[in-house]
file input_27.cif (mmCIF, C-alpha atoms)
data_protein
#
loop_
_atom_site.label_atom_id
_atom_site.label_comp_id
_atom_site.auth_asym_id
_atom_site.auth_seq_id
_atom_site.Cartn_x
_atom_site.Cartn_y
_atom_site.Cartn_z
CA MET A 1 -38.15 -206.44 -99.63
CA GLU A 2 -38.01 -210.07 -98.71
CA ALA A 3 -40.70 -212.62 -99.11
CA LEU A 4 -43.42 -212.47 -96.54
CA GLY A 5 -42.95 -214.95 -93.75
CA GLN A 6 -39.31 -214.25 -93.15
CA ILE A 7 -38.08 -211.78 -90.58
CA SER A 8 -35.52 -209.36 -91.92
CA THR A 9 -33.43 -206.90 -89.98
CA LEU A 10 -35.84 -204.20 -91.12
CA HIS A 11 -38.60 -205.67 -88.93
CA TYR A 12 -36.42 -205.36 -85.87
CA LEU A 13 -35.33 -201.84 -86.78
CA VAL A 14 -38.96 -200.73 -87.09
CA LEU A 15 -39.82 -202.27 -83.71
CA ALA A 16 -36.79 -200.64 -82.09
CA ALA A 17 -37.67 -197.27 -83.63
CA ALA A 18 -41.21 -197.54 -82.26
CA LEU A 19 -39.93 -198.33 -78.76
CA PHE A 20 -37.40 -195.49 -78.98
CA VAL A 21 -40.03 -192.94 -80.03
CA LEU A 22 -42.38 -194.07 -77.25
CA GLY A 23 -39.53 -193.68 -74.75
CA VAL A 24 -38.74 -190.18 -76.01
CA ILE A 25 -42.42 -189.22 -75.74
CA GLY A 26 -42.42 -190.50 -72.16
CA VAL A 27 -39.30 -188.51 -71.26
CA LEU A 28 -40.72 -185.32 -72.78
CA THR A 29 -44.33 -185.44 -71.61
CA ARG A 30 -44.45 -187.09 -68.19
CA ARG A 31 -43.88 -185.21 -64.96
CA ASN A 32 -43.24 -188.06 -62.55
CA VAL A 33 -39.49 -188.55 -62.44
CA VAL A 34 -39.80 -192.30 -61.79
CA ILE A 35 -41.74 -192.69 -65.03
CA ILE A 36 -39.11 -190.59 -66.82
CA LEU A 37 -36.44 -193.03 -65.60
CA MET A 38 -38.55 -195.94 -66.83
CA SER A 39 -38.86 -194.29 -70.25
CA ILE A 40 -35.07 -194.02 -70.37
CA GLU A 41 -34.93 -197.77 -69.71
CA LEU A 42 -37.28 -198.19 -72.67
CA ILE A 43 -34.91 -196.19 -74.88
CA LEU A 44 -31.96 -198.32 -73.74
CA ASN A 45 -33.95 -201.43 -74.62
CA ALA A 46 -34.57 -200.10 -78.11
CA VAL A 47 -30.81 -199.59 -78.48
CA ASN A 48 -30.23 -203.17 -77.31
CA LEU A 49 -32.68 -204.51 -79.88
CA ASN A 50 -30.85 -202.62 -82.63
CA LEU A 51 -27.48 -203.93 -81.47
CA LEU A 52 -28.76 -207.50 -81.43
CA ALA A 53 -30.44 -207.19 -84.83
CA PHE A 54 -27.17 -206.03 -86.37
CA SER A 55 -25.11 -208.55 -84.44
CA ARG A 56 -27.06 -211.20 -86.35
CA LEU A 57 -25.45 -209.86 -89.52
CA TYR A 58 -22.01 -208.73 -88.42
CA GLY A 59 -20.90 -211.06 -85.67
CA LEU A 60 -21.12 -211.26 -81.91
CA HIS A 61 -19.71 -207.86 -80.98
CA GLY A 62 -23.21 -206.38 -80.79
CA GLN A 63 -24.21 -208.87 -78.11
CA VAL A 64 -21.16 -207.99 -76.01
CA PHE A 65 -22.02 -204.30 -76.42
CA SER A 66 -25.57 -204.90 -75.29
CA ILE A 67 -24.23 -206.60 -72.14
CA PHE A 68 -22.37 -203.36 -71.43
CA VAL A 69 -25.56 -201.38 -72.09
CA ILE A 70 -27.49 -203.55 -69.60
CA THR A 71 -24.74 -203.00 -67.00
CA ASP A 72 -24.90 -199.25 -67.54
CA ALA A 73 -28.69 -199.33 -67.26
CA ALA A 74 -28.42 -201.07 -63.89
CA ALA A 75 -25.88 -198.53 -62.62
CA GLU A 76 -27.99 -195.66 -63.94
CA ALA A 77 -31.15 -197.00 -62.29
CA ALA A 78 -29.37 -197.39 -58.94
CA VAL A 79 -27.93 -193.86 -58.96
CA GLY A 80 -31.10 -192.29 -60.38
CA LEU A 81 -33.35 -193.89 -57.79
CA GLY A 82 -30.87 -192.84 -55.06
CA ILE A 83 -31.15 -189.25 -56.29
CA ILE A 84 -34.96 -189.52 -56.32
CA ILE A 85 -35.02 -190.80 -52.73
CA ALA A 86 -32.66 -188.06 -51.56
CA PHE A 87 -34.78 -185.45 -53.31
CA PHE A 88 -38.06 -186.82 -51.99
CA ARG A 89 -36.65 -186.65 -48.47
CA ASN A 90 -35.99 -182.92 -48.89
CA LYS A 91 -38.93 -181.72 -50.98
CA GLU A 92 -41.66 -184.37 -50.56
CA THR A 93 -42.34 -184.48 -54.30
CA VAL A 94 -41.32 -186.49 -57.36
CA ASN A 95 -42.64 -184.12 -60.02
CA VAL A 96 -40.02 -182.60 -62.26
CA ASP A 97 -41.84 -179.26 -62.61
CA GLU A 98 -41.59 -178.74 -58.85
CA VAL A 99 -37.86 -179.35 -58.95
CA ASP A 100 -36.78 -175.77 -59.52
CA LEU A 101 -34.06 -175.33 -56.94
CA MET A 102 -31.43 -174.49 -59.56
CA LYS A 103 -33.75 -172.60 -61.88
CA TRP A 104 -32.39 -169.21 -62.71
CA MET B 1 -44.26 -218.42 -90.99
CA LEU B 2 -44.17 -219.44 -87.35
CA HIS B 3 -41.24 -217.12 -86.76
CA LEU B 4 -43.07 -214.18 -88.30
CA THR B 5 -46.13 -214.90 -86.20
CA LEU B 6 -44.05 -215.06 -83.04
CA PHE B 7 -42.24 -211.86 -84.00
CA LEU B 8 -45.53 -210.04 -84.56
CA VAL B 9 -47.06 -211.32 -81.31
CA PHE B 10 -44.04 -210.35 -79.21
CA GLY B 11 -43.71 -207.03 -81.04
CA LEU B 12 -47.36 -206.15 -80.49
CA VAL B 13 -47.11 -207.03 -76.78
CA CYS B 14 -43.97 -204.90 -76.63
CA VAL B 15 -45.48 -201.80 -78.21
CA ALA B 16 -48.78 -202.22 -76.34
CA GLY B 17 -46.87 -202.41 -73.06
CA ALA B 18 -44.89 -199.30 -73.95
CA VAL B 19 -48.06 -197.37 -74.85
CA ASN B 20 -49.66 -198.54 -71.61
CA LEU B 21 -46.59 -197.34 -69.72
CA LEU B 22 -47.22 -193.84 -71.06
CA ALA B 23 -51.00 -193.97 -70.65
CA GLN B 24 -51.13 -195.10 -67.02
CA ARG B 25 -51.16 -192.41 -64.37
CA HIS B 26 -50.02 -194.37 -61.38
CA PRO B 27 -46.28 -195.24 -61.42
CA ILE B 28 -46.82 -198.80 -60.19
CA ASN B 29 -48.98 -199.61 -63.23
CA SER B 30 -46.31 -198.16 -65.49
CA ALA B 31 -43.64 -200.26 -63.79
CA LEU B 32 -45.65 -203.45 -64.23
CA SER B 33 -46.28 -202.74 -67.91
CA LEU B 34 -42.54 -202.12 -68.31
CA VAL B 35 -42.00 -205.65 -66.93
CA VAL B 36 -44.30 -206.92 -69.70
CA VAL B 37 -42.22 -205.01 -72.28
CA MET B 38 -39.01 -206.54 -70.93
CA GLY B 39 -40.47 -210.05 -71.07
CA ALA B 40 -41.69 -209.61 -74.64
CA LEU B 41 -38.29 -208.19 -75.63
CA ALA B 42 -36.64 -211.30 -74.15
CA GLY B 43 -38.83 -213.29 -76.53
CA GLU B 44 -37.61 -211.17 -79.43
CA TYR B 45 -34.02 -211.79 -78.36
CA LEU B 46 -34.69 -215.53 -78.40
CA LEU B 47 -36.08 -215.19 -81.93
CA LEU B 48 -32.88 -213.37 -82.88
CA GLY B 49 -30.90 -216.33 -81.57
CA ALA B 50 -29.39 -214.46 -78.64
CA GLU B 51 -30.32 -216.97 -75.94
CA PHE B 52 -27.80 -215.65 -73.46
CA LEU B 53 -28.99 -212.06 -73.84
CA GLY B 54 -32.61 -213.21 -73.50
CA ALA B 55 -31.78 -214.86 -70.18
CA VAL B 56 -29.82 -211.80 -69.04
CA GLN B 57 -32.73 -209.59 -70.03
CA VAL B 58 -35.16 -211.55 -67.87
CA ILE B 59 -32.80 -211.91 -64.92
CA VAL B 60 -31.24 -208.45 -64.81
CA TYR B 61 -33.90 -206.18 -66.33
CA ALA B 62 -37.22 -207.81 -65.49
CA GLY B 63 -35.82 -209.24 -62.28
CA ALA B 64 -33.37 -206.90 -60.63
CA ILE B 65 -33.88 -203.44 -62.11
CA MET B 66 -37.68 -203.55 -62.11
CA VAL B 67 -37.75 -204.84 -58.53
CA LEU B 68 -35.64 -201.81 -57.63
CA PHE B 69 -38.13 -199.53 -59.40
CA VAL B 70 -41.18 -201.11 -57.75
CA PHE B 71 -39.44 -200.98 -54.38
CA VAL B 72 -38.72 -197.25 -54.73
CA ILE B 73 -42.29 -196.52 -55.92
CA MET B 74 -43.67 -198.34 -52.87
CA LEU B 75 -41.19 -196.49 -50.64
CA LEU B 76 -42.11 -193.05 -51.95
CA ASN B 77 -45.83 -193.83 -51.93
CA ALA B 78 -46.36 -191.16 -54.57
CA GLY B 79 -49.94 -190.78 -55.72
CA GLU B 80 -51.40 -190.40 -59.16
CA GLU B 81 -49.98 -187.81 -61.44
CA ALA B 82 -52.22 -184.85 -62.17
CA ARG B 83 -53.02 -184.39 -65.83
CA PHE B 84 -52.41 -181.04 -67.41
CA GLY B 85 -53.22 -179.68 -70.82
CA GLY B 86 -50.17 -179.33 -73.02
CA SER B 87 -49.17 -175.88 -74.16
CA ARG B 88 -50.32 -174.79 -77.59
CA VAL B 89 -46.77 -174.15 -78.78
CA ALA B 90 -45.80 -177.70 -77.85
CA ILE B 91 -48.69 -179.11 -79.90
CA LEU B 92 -48.07 -176.76 -82.85
CA LEU B 93 -44.37 -177.58 -82.99
CA GLY B 94 -44.37 -181.07 -81.50
CA VAL B 95 -46.85 -182.84 -83.78
CA PRO B 96 -45.18 -181.69 -87.05
CA GLY B 97 -41.80 -182.46 -85.52
CA LEU B 98 -42.95 -185.95 -84.58
CA LEU B 99 -44.33 -186.53 -88.08
CA THR B 100 -41.13 -185.28 -89.69
CA GLY B 101 -39.02 -187.50 -87.45
CA GLY B 102 -41.18 -190.51 -88.21
CA LEU B 103 -40.99 -189.87 -91.94
CA MET B 104 -37.22 -189.49 -91.77
CA ILE B 105 -36.81 -192.75 -89.82
CA THR B 106 -39.06 -194.57 -92.32
CA TRP B 107 -37.20 -193.14 -95.29
CA VAL B 108 -33.77 -194.04 -93.91
CA LEU B 109 -34.93 -197.56 -93.03
CA LEU B 110 -36.48 -198.19 -96.42
CA LYS B 111 -33.57 -196.68 -98.36
CA TYR B 112 -30.54 -197.98 -96.54
CA SER B 113 -31.51 -201.30 -95.02
CA GLY B 114 -30.25 -203.52 -97.78
CA THR B 115 -30.03 -206.31 -95.25
CA GLY B 116 -31.39 -209.58 -96.39
CA ALA B 117 -33.19 -212.08 -94.26
CA VAL B 118 -30.98 -214.39 -92.27
CA PRO B 119 -31.93 -218.05 -91.94
CA LEU B 120 -33.13 -218.52 -88.40
CA GLY B 121 -31.50 -221.89 -87.92
CA ALA B 122 -27.95 -220.59 -88.22
CA LEU B 123 -27.80 -217.92 -85.57
CA PRO B 124 -24.94 -216.91 -83.32
CA GLY B 125 -25.12 -216.29 -79.61
CA PRO B 126 -23.66 -219.18 -77.62
CA PRO B 127 -22.47 -218.02 -74.18
CA LYS B 128 -19.05 -219.56 -74.81
CA GLU B 129 -18.30 -217.26 -77.74
CA ILE B 130 -19.67 -214.22 -75.90
CA ALA B 131 -17.48 -215.02 -72.89
CA ARG B 132 -14.43 -215.38 -75.15
CA LEU B 133 -15.10 -211.96 -76.67
CA LEU B 134 -15.87 -210.39 -73.30
CA PHE B 135 -12.76 -211.67 -71.55
CA HIS B 136 -10.27 -211.36 -74.38
CA GLU B 137 -11.09 -208.58 -76.83
CA PHE B 138 -13.19 -206.49 -74.49
CA LEU B 139 -11.25 -207.14 -71.30
CA LEU B 140 -10.35 -203.49 -70.70
CA PRO B 141 -13.92 -202.18 -71.19
CA PHE B 142 -15.10 -205.00 -68.93
CA GLU B 143 -12.77 -203.91 -66.14
CA VAL B 144 -13.70 -200.25 -66.64
CA THR B 145 -17.37 -201.26 -66.35
CA SER B 146 -16.64 -202.98 -63.05
CA VAL B 147 -15.14 -199.71 -61.76
CA LEU B 148 -18.27 -197.90 -63.01
CA VAL B 149 -20.53 -200.30 -61.12
CA LEU B 150 -18.42 -199.85 -57.98
CA ILE B 151 -18.75 -196.06 -58.26
CA ALA B 152 -22.50 -196.41 -58.82
CA ILE B 153 -22.84 -198.56 -55.68
CA MET B 154 -20.91 -196.06 -53.57
CA GLY B 155 -22.83 -193.14 -55.07
CA SER B 156 -26.24 -194.64 -54.41
CA VAL B 157 -25.28 -195.55 -50.84
CA VAL B 158 -24.13 -191.98 -50.19
CA LEU B 159 -27.21 -190.50 -51.88
CA ALA B 160 -29.72 -192.68 -50.10
CA ALA B 161 -28.15 -192.39 -46.62
CA LYS B 162 -29.71 -189.96 -44.20
CA PRO B 163 -27.74 -186.70 -44.03
CA ASP B 164 -27.28 -186.88 -40.25
CA GLN B 165 -25.84 -190.38 -40.59
CA ILE B 166 -23.12 -189.10 -42.89
CA GLN B 167 -22.43 -186.27 -40.47
CA GLN B 168 -22.26 -188.76 -37.59
CA SER B 169 -19.78 -191.02 -39.29
CA LYS B 170 -17.58 -188.02 -40.11
CA GLU B 171 -17.56 -186.95 -36.47
CA GLU B 172 -16.65 -190.45 -35.34
CA ARG B 173 -13.61 -190.26 -37.52
#

call {"tool": "encode", "arguments": {"input": "input_27.cif", "output": "C-alpha cells"}}
result
Amino acid sequence: MEALGQISTLHYLVLAAALFVLGVIGVLTRRNVVIILMSIELILNAVNLNLLAFSRLYGLHGQVFSIFVITDAAAEAAVGLGIIIAFFRNKETVNVDEVDLMKW
Amino acid sequence: MLHLTLFLVFGLVCVAGAVNLLAQRHPINSALSLVVVMGALAGEYLLLGAEFLGAVQVIVYAGAIMVLFVFVIMLLNAGEEARFGGSRVAILLGVPGLLTGGLMITWVLLKYSGTGAVPLGALPGPPKEIARLLFHEFLLPFEVTSVLVLIAIMGSVVLAAKPDQIQQSKEER
C-alpha cells in the first residue's frame, strides 16, 4: 500500500467496482426499462474508469478504447430508446415484467 | 493531499448519485442523478489527467445521451414505479452471492494490484496524441465504429417511426 495522500490505481479500481456493482443491482432489481438502460450506462462508465486508470500506467490506448466505449454507449442509448418508444406505442407500458410477448 | 481530497469528494458524489439512481422511484429523478454521476466522473477523469476524455464525458454523456433519456422519459410520461417485495429465493441466494462477489473483488484487488502511485504532474492525455492513435493505429476500428453509428441511426429512425408511415412509404415506392 502506498503512503496516504497519494492516489493509486487501486483507489480507482475500488470506485469503478462500486459503480459496476450498483449498475448490476439496478439492472437486476428495477422494473422500469428506462432505469435499466440508465444502469447499463452506469456499468459502461465503470468500465471507462477502469480503462482510464490503467491507461495512466500503460499508455494512451486505454483512452482511445474509452472513446470507442462512449460511442457504443451513444449508439446503444439511441437504439434502446427507439425500442422503448416502439414498445410503449404498442403496449402502453415500460415495465419489463409486463413485456411477456415472447414468453414461452 | 489535495488530490486525495478531490478524489474522495468526487468519488463520494459519484457513489451517492448512483445509490440515489437506484433509490428513486420516478425515472426523471434517476436520470438527473445519473447526470450528477457523469459530472463527478468527469472530475475523476480530470484527476487522472485525461482532460480530453473529461470534456468528452461532459459533452457526450451528460449533454447528449442524458438529454435523450430525459426527452424519452418526458415523452412516455410514465408514472412512478410500483414497489414490490422481492422473492424469498432472491434474498436467500442474492445476498450471499453479493457478499461472495464483493469479497472476491476485494481479494483480487488487494492481491494483484501491485500498481504503484503515479505522480500526478506527469500524466498523459493530450488530444494530439489521442488523435494520432485514433487516426493511425486504430483507423480501422474507427471506421467500423462510424458504420455502427450509421446503422444505429437508421435503426432508431425505423424503430421510432409510426408503423403506418413505413407502410405508406413502401406503397409510394

call {"tool": "resolve_selection", "arguments": {"input": "input_27.cif", "expression": "the PyMOL selection byres ((chain B) within 6 of (chain A))", "output": "NGL selection string"}}
result
:B and (1 or 4 or 22 or 117 or 149 or 152 or 156 or 159-160)

call {"tool": "atom_distance", "arguments": {"input": "input_27.cif", "atom1": "CA of Ile43 (chain A)", "atom2": "CA of Trp107 (chain B)"}}
result
20.8 Å

call {"tool": "atom_distance", "arguments": {"input": "input_27.cif", "atom1": "CA of Ser30 (chain B)", "atom2": "CA of Ala16 (chain B)"}}
result
11.8 Å

call {"tool": "atom_distance", "arguments": {"input": "input_27.cif", "atom1": "CA of Ala131 (chain B)", "atom2": "CA of Gly49 (chain B)"}}
result
16.0 Å

call {"tool": "resolve_selection", "arguments": {"input": "input_27.cif", "expression": "the PyMOL selection byres ((chain B and resi 11) around 8)", "output": "PyMOL selection string"}}
result
(chain A and resi 15) or (chain B and resi 7-10+12-15+40-41+44)

call {"tool": "residues_near_point", "arguments": {"input": "input_27.cif", "point": "(-41.0, -185.1, -79.0)", "cutoff": "7 Å", "atoms": "all atoms listed in the file", "output": "list of chain:residue names"}}
result
A:Val24, A:Ile25, A:Leu28, B:Gly94, B:Leu98

call {"tool": "residues_around", "arguments": {"input": "input_27.cif", "residues": "Ile73 (chain B)", "least_positions_apart": "2", "cutoff": "9 Å", "atoms": "all atoms listed in the file", "output": "compact mmCIF listing (two decimals) with C-alpha atoms, in the frame of the given file"}}
result
# COMPACT_ATOMS: atom_id res chain seq x y z
CA VAL A 34 -39.80 -192.30 -61.79
CA PRO B 27 -46.28 -195.24 -61.42
CA ILE B 28 -46.82 -198.80 -60.19
CA ALA B 31 -43.64 -200.26 -63.79
CA LEU B 68 -35.64 -201.81 -57.63
CA PHE B 69 -38.13 -199.53 -59.40
CA VAL B 70 -41.18 -201.11 -57.75
CA PHE B 71 -39.44 -200.98 -54.38
CA LEU B 75 -41.19 -196.49 -50.64
CA LEU B 76 -42.11 -193.05 -51.95
CA ASN B 77 -45.83 -193.83 -51.93
CA ALA B 78 -46.36 -191.16 -54.57
